[in-house]
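As provided, query.tsv (TSV, N, CA and C atoms) reads as follows.
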chain	number	residue	atom	x	y	z
S	1	MET	N	0.84	-1.18	0.00
S	1	MET	CA	0.00	0.00	0.00
S	1	MET	C	0.89	1.24	0.00
S	2	ILE	N	0.42	2.27	-0.68
S	2	ILE	CA	1.12	3.55	-0.70
S	2	ILE	C	0.54	4.42	0.40
S	3	SER	N	1.42	5.02	1.17
S	3	SER	CA	1.04	5.97	2.21
S	3	SER	C	1.51	7.35	1.78
S	4	ALA	N	0.57	8.26	1.64
S	4	ALA	CA	0.89	9.64	1.27
S	4	ALA	C	0.56	10.54	2.46
S	5	GLU	N	1.59	11.03	3.11
S	5	GLU	CA	1.43	11.89	4.29
S	5	GLU	C	1.81	13.31	3.88
S	6	PHE	N	0.91	14.25	4.13
S	6	PHE	CA	1.16	15.64	3.80
S	6	PHE	C	1.41	16.41	5.09
S	7	PHE	N	2.52	17.15	5.11
S	7	PHE	CA	2.90	17.93	6.28
S	7	PHE	C	2.14	19.25	6.24
S	8	THR	N	1.50	19.59	7.35
S	8	THR	CA	0.78	20.85	7.44
S	8	THR	C	1.32	21.67	8.61
S	9	LEU	N	1.30	22.97	8.42
S	9	LEU	CA	1.63	23.90	9.49
S	9	LEU	C	0.39	24.07	10.35
S	10	PRO	N	0.50	24.62	11.55
S	10	PRO	CA	-0.67	24.75	12.42
S	10	PRO	C	-1.85	25.48	11.79
S	11	ASP	N	-1.58	26.38	10.85
S	11	ASP	CA	-2.68	27.11	10.21
S	11	ASP	C	-3.23	26.39	8.98
S	12	GLY	N	-2.76	25.15	8.72
S	12	GLY	CA	-3.29	24.35	7.64
S	12	GLY	C	-2.53	24.41	6.33
S	13	ARG	N	-1.56	25.32	6.23
S	13	ARG	CA	-0.77	25.40	5.00
S	13	ARG	C	0.09	24.15	4.83
S	14	LEU	N	0.27	23.72	3.58
S	14	LEU	CA	1.07	22.53	3.30
S	14	LEU	C	2.56	22.88	3.29
S	15	ALA	N	3.35	22.03	3.94
S	15	ALA	CA	4.79	22.26	4.06
S	15	ALA	C	5.61	21.13	3.46
S	16	GLY	N	4.95	20.19	2.80
S	16	GLY	CA	5.68	19.11	2.17
S	16	GLY	C	4.90	17.81	2.20
S	17	PHE	N	5.59	16.73	1.86
S	17	PHE	CA	4.94	15.43	1.80
S	17	PHE	C	5.96	14.31	1.99
S	18	HIS	N	5.44	13.15	2.37
S	18	HIS	CA	6.24	11.93	2.47
S	18	HIS	C	5.38	10.82	1.88
S	19	ILE	N	5.78	10.33	0.74
S	19	ILE	CA	5.05	9.27	0.06
S	19	ILE	C	5.95	8.04	0.05
S	20	ARG	N	5.39	6.91	0.50
S	20	ARG	CA	6.22	5.70	0.58
S	20	ARG	C	5.36	4.45	0.38
S	21	GLY	N	6.03	3.42	-0.05
S	21	GLY	CA	5.38	2.13	-0.24
S	21	GLY	C	5.12	1.82	-1.70
S	22	HIS	N	4.56	0.67	-1.92
S	22	HIS	CA	4.18	0.22	-3.25
S	22	HIS	C	2.71	-0.18	-3.21
S	23	ALA	N	2.00	0.14	-4.26
S	23	ALA	CA	0.56	-0.11	-4.28
S	23	ALA	C	0.23	-1.59	-4.26
S	24	GLY	N	0.93	-2.36	-5.09
S	24	GLY	CA	0.59	-3.77	-5.19
S	24	GLY	C	-0.61	-4.03	-6.08
S	25	TRP	N	-0.98	-3.04	-6.88
S	25	TRP	CA	-2.10	-3.20	-7.81
S	25	TRP	C	-1.75	-4.17	-8.93
S	26	GLY	N	-0.50	-4.11	-9.39
S	26	GLY	CA	-0.04	-4.97	-10.48
S	26	GLY	C	1.39	-5.35	-10.27
S	27	GLU	N	1.92	-6.11	-11.20
S	27	GLU	CA	3.32	-6.52	-11.12
S	27	GLU	C	4.23	-5.30	-11.29
S	28	GLU	N	5.44	-5.42	-10.73
S	28	GLU	CA	6.42	-4.34	-10.87
S	28	GLU	C	6.62	-4.02	-12.34
S	29	GLY	N	6.57	-2.74	-12.66
S	29	GLY	CA	6.71	-2.30	-14.03
S	29	GLY	C	5.39	-2.14	-14.76
S	30	THR	N	4.32	-2.69	-14.21
S	30	THR	CA	3.01	-2.55	-14.84
S	30	THR	C	1.96	-2.00	-13.87
S	31	ASP	N	2.39	-1.59	-12.70
S	31	ASP	CA	1.46	-1.11	-11.66
S	31	ASP	C	1.08	0.35	-11.95
S	32	ILE	N	-0.12	0.55	-12.49
S	32	ILE	CA	-0.54	1.90	-12.88
S	32	ILE	C	-0.78	2.80	-11.67
S	33	VAL	N	-1.12	2.23	-10.53
S	33	VAL	CA	-1.35	3.04	-9.33
S	33	VAL	C	-0.02	3.60	-8.84
S	34	CYS	N	0.99	2.76	-8.75
S	34	CYS	CA	2.33	3.23	-8.37
S	34	CYS	C	2.84	4.27	-9.36
S	35	ALA	N	2.65	4.00	-10.63
S	35	ALA	CA	3.13	4.91	-11.67
S	35	ALA	C	2.46	6.27	-11.57
S	36	ALA	N	1.16	6.29	-11.32
S	36	ALA	CA	0.43	7.56	-11.22
S	36	ALA	C	0.90	8.39	-10.03
S	37	VAL	N	1.06	7.75	-8.88
S	37	VAL	CA	1.50	8.47	-7.68
S	37	VAL	C	2.94	8.91	-7.83
S	38	SER	N	3.79	8.03	-8.30
S	38	SER	CA	5.20	8.34	-8.47
S	38	SER	C	5.41	9.49	-9.45
S	39	SER	N	4.73	9.44	-10.56
S	39	SER	CA	4.85	10.49	-11.56
S	39	SER	C	4.42	11.85	-11.01
S	40	ALA	N	3.33	11.88	-10.28
S	40	ALA	CA	2.84	13.13	-9.70
S	40	ALA	C	3.82	13.67	-8.66
S	41	ALA	N	4.37	12.78	-7.82
S	41	ALA	CA	5.32	13.21	-6.79
S	41	ALA	C	6.60	13.75	-7.42
S	42	TYR	N	7.11	13.08	-8.43
S	42	TYR	CA	8.31	13.57	-9.10
S	42	TYR	C	8.07	14.88	-9.82
S	43	MET	N	6.90	15.02	-10.44
S	43	MET	CA	6.58	16.28	-11.11
S	43	MET	C	6.56	17.43	-10.09
S	44	ALA	N	5.95	17.21	-8.94
S	44	ALA	CA	5.90	18.25	-7.92
S	44	ALA	C	7.29	18.58	-7.39
S	45	ALA	N	8.05	17.55	-7.04
S	45	ALA	CA	9.40	17.78	-6.50
S	45	ALA	C	10.31	18.44	-7.52
S	46	ASN	N	10.27	17.99	-8.75
S	46	ASN	CA	11.11	18.58	-9.78
S	46	ASN	C	10.71	20.02	-10.09
S	47	THR	N	9.44	20.31	-10.09
S	47	THR	CA	8.99	21.68	-10.33
S	47	THR	C	9.45	22.60	-9.19
S	48	ILE	N	9.33	22.11	-7.96
S	48	ILE	CA	9.75	22.91	-6.81
S	48	ILE	C	11.25	23.18	-6.85
S	49	THR	N	12.04	22.14	-7.10
S	49	THR	CA	13.50	22.30	-7.02
S	49	THR	C	14.12	22.86	-8.30
S	50	GLU	N	13.63	22.47	-9.46
S	50	GLU	CA	14.28	22.86	-10.71
S	50	GLU	C	13.65	24.08	-11.38
S	51	ILE	N	12.35	24.21	-11.33
S	51	ILE	CA	11.68	25.33	-11.99
S	51	ILE	C	11.55	26.53	-11.05
S	52	LEU	N	11.09	26.26	-9.82
S	52	LEU	CA	10.94	27.35	-8.85
S	52	LEU	C	12.25	27.64	-8.11
S	53	ALA	N	13.25	26.79	-8.26
S	53	ALA	CA	14.57	26.95	-7.64
S	53	ALA	C	14.52	27.06	-6.12
S	54	VAL	N	13.62	26.29	-5.52
S	54	VAL	CA	13.50	26.25	-4.06
S	54	VAL	C	14.44	25.17	-3.53
S	55	GLN	N	15.19	25.51	-2.49
S	55	GLN	CA	16.04	24.54	-1.80
S	55	GLN	C	15.25	24.00	-0.61
S	56	PRO	N	14.76	22.77	-0.68
S	56	PRO	CA	13.95	22.24	0.42
S	56	PRO	C	14.76	22.06	1.70
S	57	LEU	N	14.05	22.07	2.80
S	57	LEU	CA	14.65	21.76	4.09
S	57	LEU	C	15.11	20.30	4.09
S	58	ALA	N	14.32	19.43	3.46
S	58	ALA	CA	14.66	18.01	3.33
S	58	ALA	C	14.15	17.52	1.99
S	59	LEU	N	14.94	16.66	1.36
S	59	LEU	CA	14.55	16.04	0.09
S	59	LEU	C	15.18	14.67	0.03
S	60	LYS	N	14.35	13.66	-0.21
S	60	LYS	CA	14.84	12.29	-0.30
S	60	LYS	C	14.02	11.58	-1.38
S	61	ALA	N	14.70	10.93	-2.28
S	61	ALA	CA	14.02	10.14	-3.30
S	61	ALA	C	14.75	8.80	-3.43
S	62	ASP	N	14.13	7.77	-2.93
S	62	ASP	CA	14.66	6.41	-3.00
S	62	ASP	C	13.60	5.51	-3.60
S	63	GLU	N	13.96	4.27	-3.83
S	63	GLU	CA	13.01	3.29	-4.33
S	63	GLU	C	11.83	3.19	-3.37
S	64	GLY	N	10.65	3.52	-3.85
S	64	GLY	CA	9.44	3.40	-3.05
S	64	GLY	C	9.26	4.48	-2.00
S	65	GLU	N	10.01	5.58	-2.10
S	65	GLU	CA	9.88	6.63	-1.08
S	65	GLU	C	10.30	7.98	-1.64
S	66	MET	N	9.51	9.00	-1.32
S	66	MET	CA	9.89	10.38	-1.62
S	66	MET	C	9.45	11.27	-0.45
S	67	LEU	N	10.39	12.09	-0.01
S	67	LEU	CA	10.15	13.04	1.07
S	67	LEU	C	10.57	14.41	0.60
S	68	LEU	N	9.71	15.39	0.78
S	68	LEU	CA	10.05	16.77	0.49
S	68	LEU	C	9.47	17.63	1.60
S	69	GLN	N	10.32	18.41	2.23
S	69	GLN	CA	9.88	19.31	3.29
S	69	GLN	C	10.40	20.71	2.97
S	70	LEU	N	9.51	21.66	3.00
S	70	LEU	CA	9.84	23.05	2.68
S	70	LEU	C	10.24	23.85	3.91
S	71	HIS	N	11.04	24.87	3.68
S	71	HIS	CA	11.21	25.91	4.68
S	71	HIS	C	9.90	26.71	4.68
S	72	GLU	N	9.49	27.17	5.82
S	72	GLU	CA	8.20	27.87	5.93
S	72	GLU	C	8.12	29.06	4.97
S	73	GLN	N	9.21	29.77	4.77
S	73	GLN	CA	9.17	30.96	3.90
S	73	GLN	C	8.93	30.61	2.43
S	74	ASP	N	9.15	29.34	2.04
S	74	ASP	CA	8.92	28.92	0.66
S	74	ASP	C	7.49	28.42	0.42
S	75	GLU	N	6.71	28.30	1.47
S	75	GLU	CA	5.36	27.78	1.33
S	75	GLU	C	4.51	28.59	0.35
S	76	PRO	N	4.51	29.94	0.41
S	76	PRO	CA	3.65	30.68	-0.53
S	76	PRO	C	3.96	30.38	-2.00
S	77	LEU	N	5.22	30.24	-2.34
S	77	LEU	CA	5.62	29.98	-3.71
S	77	LEU	C	5.18	28.59	-4.17
S	78	CYS	N	5.16	27.63	-3.25
S	78	CYS	CA	4.86	26.24	-3.58
S	78	CYS	C	3.43	25.82	-3.25
S	79	ARG	N	2.65	26.73	-2.71
S	79	ARG	CA	1.31	26.42	-2.20
S	79	ARG	C	0.43	25.72	-3.23
S	80	THR	N	0.26	26.33	-4.38
S	80	THR	CA	-0.66	25.79	-5.38
S	80	THR	C	-0.20	24.41	-5.87
S	81	LEU	N	1.07	24.25	-6.05
S	81	LEU	CA	1.61	22.97	-6.51
S	81	LEU	C	1.35	21.86	-5.49
S	82	LEU	N	1.61	22.14	-4.22
S	82	LEU	CA	1.37	21.12	-3.18
S	82	LEU	C	-0.12	20.84	-3.01
S	83	GLN	N	-0.96	21.87	-3.12
S	83	GLN	CA	-2.40	21.64	-3.05
S	83	GLN	C	-2.86	20.76	-4.21
S	84	GLY	N	-2.30	21.01	-5.39
S	84	GLY	CA	-2.64	20.19	-6.55
S	84	GLY	C	-2.20	18.75	-6.39
S	85	LEU	N	-1.00	18.54	-5.85
S	85	LEU	CA	-0.52	17.19	-5.60
S	85	LEU	C	-1.43	16.48	-4.61
S	86	ARG	N	-1.80	17.16	-3.55
S	86	ARG	CA	-2.67	16.53	-2.54
S	86	ARG	C	-4.02	16.17	-3.15
S	87	LEU	N	-4.59	17.07	-3.95
S	87	LEU	CA	-5.87	16.81	-4.61
S	87	LEU	C	-5.75	15.61	-5.56
S	88	HIS	N	-4.68	15.56	-6.32
S	88	HIS	CA	-4.46	14.47	-7.27
S	88	HIS	C	-4.33	13.12	-6.56
S	89	VAL	N	-3.48	13.07	-5.54
S	89	VAL	CA	-3.27	11.81	-4.82
S	89	VAL	C	-4.54	11.41	-4.07
S	90	SER	N	-5.27	12.39	-3.53
S	90	SER	CA	-6.54	12.08	-2.86
S	90	SER	C	-7.56	11.49	-3.84
S	91	GLY	N	-7.58	12.02	-5.06
S	91	GLY	CA	-8.46	11.48	-6.09
S	91	GLY	C	-8.10	10.05	-6.44
S	92	LEU	N	-6.81	9.77	-6.54
S	92	LEU	CA	-6.36	8.40	-6.80
S	92	LEU	C	-6.75	7.49	-5.64
S	93	ALA	N	-6.65	7.99	-4.41
S	93	ALA	CA	-7.02	7.19	-3.24
S	93	ALA	C	-8.52	6.88	-3.24
S	94	GLU	N	-9.33	7.79	-3.76
S	94	GLU	CA	-10.77	7.52	-3.87
S	94	GLU	C	-11.03	6.43	-4.91
S	95	GLN	N	-10.27	6.45	-6.00
S	95	GLN	CA	-10.42	5.44	-7.05
S	95	GLN	C	-9.87	4.08	-6.64
S	96	TYR	N	-8.80	4.10	-5.86
S	96	TYR	CA	-8.09	2.87	-5.47
S	96	TYR	C	-7.90	2.83	-3.96
S	97	PRO	N	-8.99	2.78	-3.20
S	97	PRO	CA	-8.87	2.88	-1.73
S	97	PRO	C	-8.11	1.74	-1.07
S	98	ALA	N	-8.02	0.61	-1.72
S	98	ALA	CA	-7.27	-0.52	-1.13
S	98	ALA	C	-5.77	-0.39	-1.36
S	99	TYR	N	-5.35	0.63	-2.13
S	99	TYR	CA	-3.94	0.73	-2.51
S	99	TYR	C	-3.25	2.01	-2.06
S	100	ILE	N	-4.02	3.04	-1.67
S	100	ILE	CA	-3.45	4.33	-1.30
S	100	ILE	C	-4.17	4.88	-0.07
S	101	THR	N	-3.40	5.37	0.89
S	101	THR	CA	-3.98	6.14	2.00
S	101	THR	C	-3.36	7.53	1.98
S	102	VAL	N	-4.17	8.51	2.34
S	102	VAL	CA	-3.72	9.90	2.40
S	102	VAL	C	-3.98	10.40	3.81
S	103	SER	N	-2.99	11.05	4.38
S	103	SER	CA	-3.16	11.60	5.73
S	103	SER	C	-2.43	12.94	5.82
S	104	ASP	N	-2.80	13.69	6.84
S	104	ASP	CA	-2.13	14.95	7.16
S	104	ASP	C	-1.43	14.79	8.48
S	105	SER	N	-0.30	15.42	8.60
S	105	SER	CA	0.47	15.38	9.82
S	105	SER	C	0.87	16.81	10.16
S	106	MET	N	0.28	17.36	11.21
S	106	MET	CA	0.61	18.74	11.58
S	106	MET	C	1.96	18.78	12.25
S	107	ILE	N	2.74	19.74	11.83
S	107	ILE	CA	4.05	19.95	12.43
S	107	ILE	C	4.03	21.29	13.14
S	108	SER	N	4.34	21.27	14.41
S	108	SER	CA	4.29	22.52	15.18
S	108	SER	C	5.64	23.25	15.14
S	109	ASN	N	6.71	22.50	15.15
S	109	ASN	CA	8.03	23.11	15.04
S	109	ASN	C	8.59	22.68	13.71
S	110	HIS	N	8.37	23.51	12.71
S	110	HIS	CA	8.65	23.18	11.32
S	110	HIS	C	10.11	22.78	11.08
S	111	HIS	N	11.03	23.31	11.82
S	111	HIS	CA	12.44	23.06	11.55
S	111	HIS	C	12.97	21.80	12.19
S	112	ASN	N	12.16	21.09	12.96
S	112	ASN	CA	12.64	19.88	13.62
S	112	ASN	C	12.02	18.62	13.05
S	113	LEU	N	11.43	18.68	11.90
S	113	LEU	CA	10.83	17.50	11.30
S	113	LEU	C	11.91	16.53	10.83
Would you mind writing the file out in structure tokens?
Amino acid sequence: MISAEFFTLPDGRLAGFHIRGHAGWGEEGTDIVCAAVSSAAYMAANTITEILAVQPLALKADEGEMLLQLHEQDEPLCRTLLQGLRLHVSGLAEQYPAYITVSDSMISNHHNL
């Protein structure tokens, strides 16, 4: 199962995400659920780092895992993109509820995540 956790600040603004796991919908290389989530996460991370030139507080991309955490001051620039990613992954979770979970995790001290 894929777990998509979105980091929120106390006021509800998105500060990043941690997506991990494998859907298990199909065989490796043919799993459309994994491909959809992975593609969306990479598009968001690449847009933030390469197009918007934001240096994240944390960034990790490994097999079956992606973590991106923003500095609070970069949230306004990345807001729409992260909201779109959350909406997209939530829509996939509605279509494939046995394969994806979406959750929010409030962070009170943004710099100690």
Practice item. Identify, with DSSP run on backbone atoms, the residues in chain S assigned to helix (DSSP H, G or I), and express the list as a count of residues only. Key: 47
Practice item. For atom C of Gln83 in chain S and CA of Thr47 in chain S, determine how far apart the two atoms are, in Å to one decimal place. Key: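 It comes out at 13.4 Å.
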Write out as a tab-separated table a residue-level contact list of range 77-105 of chain S versus range 21-35 of chain S with cut-off 8 Å: for each qualifying residue the closest pair of atoms and the distance in Å to one decimal, counting only N, CA and C atoms, rows sorted by chain and residue number upward.
residue	atom	partner	partner_atom	distance
S:Leu92	CA	S:Val33	CA	7.8
S:Tyr96	CA	S:Val33	CA	7.8
S:Ala98	C	S:Ala23	C	6.8
S:Tyr99	C	S:Ala23	CA	4.9
S:Ile100	N	S:Ala23	CA	6.1
Revision key, fill the gap. In terms of all atoms listed in the file, the residue from S:Ala15, S:Val102, S:Met1, S:Asp74 at minimal distance from Val54 in chain S is S:Asp74
Can you pull out every residue within 12 Å of Gly91 in chain S, counting only C-alpha atoms, but drop anything in the same chain fewer than 2 positions away, and send it as a tab-separated table (two decimals) with N, CA and C atoms, in the coordinates of the input?
chain	number	residue	atom	x	y	z
S	33	VAL	N	-1.12	2.23	-10.53
S	33	VAL	CA	-1.35	3.04	-9.33
S	33	VAL	C	-0.02	3.60	-8.84
S	36	ALA	N	1.16	6.29	-11.32
S	36	ALA	CA	0.43	7.56	-11.22
S	36	ALA	C	0.90	8.39	-10.03
S	37	VAL	N	1.06	7.75	-8.88
S	37	VAL	CA	1.50	8.47	-7.68
S	37	VAL	C	2.94	8.91	-7.83
S	40	ALA	N	3.33	11.88	-10.28
S	40	ALA	CA	2.84	13.13	-9.70
S	40	ALA	C	3.82	13.67	-8.66
S	84	GLY	N	-2.30	21.01	-5.39
S	84	GLY	CA	-2.64	20.19	-6.55
S	84	GLY	C	-2.20	18.75	-6.39
S	85	LEU	N	-1.00	18.54	-5.85
S	85	LEU	CA	-0.52	17.19	-5.60
S	85	LEU	C	-1.43	16.48	-4.61
S	86	ARG	N	-1.80	17.16	-3.55
S	86	ARG	CA	-2.67	16.53	-2.54
S	86	ARG	C	-4.02	16.17	-3.15
S	87	LEU	N	-4.59	17.07	-3.95
S	87	LEU	CA	-5.87	16.81	-4.61
S	87	LEU	C	-5.75	15.61	-5.56
S	88	HIS	N	-4.68	15.56	-6.32
S	88	HIS	CA	-4.46	14.47	-7.27
S	88	HIS	C	-4.33	13.12	-6.56
S	89	VAL	N	-3.48	13.07	-5.54
S	89	VAL	CA	-3.27	11.81	-4.82
S	89	VAL	C	-4.54	11.41	-4.07
S	93	ALA	N	-6.65	7.99	-4.41
S	93	ALA	CA	-7.02	7.19	-3.24
S	93	ALA	C	-8.52	6.88	-3.24
S	94	GLU	N	-9.33	7.79	-3.76
S	94	GLU	CA	-10.77	7.52	-3.87
S	94	GLU	C	-11.03	6.43	-4.91
S	95	GLN	N	-10.27	6.45	-6.00
S	95	GLN	CA	-10.42	5.44	-7.05
S	95	GLN	C	-9.87	4.08	-6.64
S	96	TYR	N	-8.80	4.10	-5.86
S	96	TYR	CA	-8.09	2.87	-5.47
S	96	TYR	C	-7.90	2.83	-3.96
S	97	PRO	N	-8.99	2.78	-3.20
S	97	PRO	CA	-8.87	2.88	-1.73
S	97	PRO	C	-8.11	1.74	-1.07
S	100	ILE	N	-4.02	3.04	-1.67
S	100	ILE	CA	-3.45	4.33	-1.30
S	100	ILE	C	-4.17	4.88	-0.07
S	101	THR	N	-3.40	5.37	0.89
S	101	THR	CA	-3.98	6.14	2.00
S	101	THR	C	-3.36	7.53	1.98
S	102	VAL	N	-4.17	8.51	2.34
S	102	VAL	CA	-3.72	9.90	2.40
S	102	VAL	C	-3.98	10.40	3.81
Practice item. Using only N, CA and C atoms, determine which residues lie at most 6.5 Å from range 67-73 of chain S, disregarding the query and same-chain residues fewer than 2 positions distant; provide the list as a PyMOL selection string. Key: chain S and resi 15-19+55-62+65+75-77
Practice item. Run DSSP on the backbone of this structure and report the residues of chain S it assigns to strand (DSSP E), as JSON, numbers by chain. Key: {"S": [2, 3, 4, 5, 6, 7, 8, 14, 15, 16, 17, 18, 19, 20, 58, 59, 60, 61, 62, 65, 66, 67, 68, 69, 100, 101, 102, 103, 104, 105, 106]}
Review point. Hey, can you check how far atom N of Ser38 in chain S sits from CA of Arg79 in chain S?
Key: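 So the answer is 19.5 Å.
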Review point. When you draw a straight line from atom C of Ser3 in chain S to CA of Gly64 in chain S, how long is it in Å?
Key: 10.1 Å
Practice item. Counting only C-alpha atoms, figure out which residue out of S:Met66, S:Ala45, S:Cys78, S:Met106 gets nearest to Arg20 in chain S. Key: S:Met66
Let me know the centre plus edge lengths, in Å and rounded to one decimal, of a box with edges along x, y and z that contains all listed atoms of range 10-22 of chain S and is padded by 6 Å on every side, as AutoDock Vina command-line options.
--center_x 1.5 --center_y 13.5 --center_z 4.6 --size_x 21.5 --size_y 39.3 --size_z 27.7
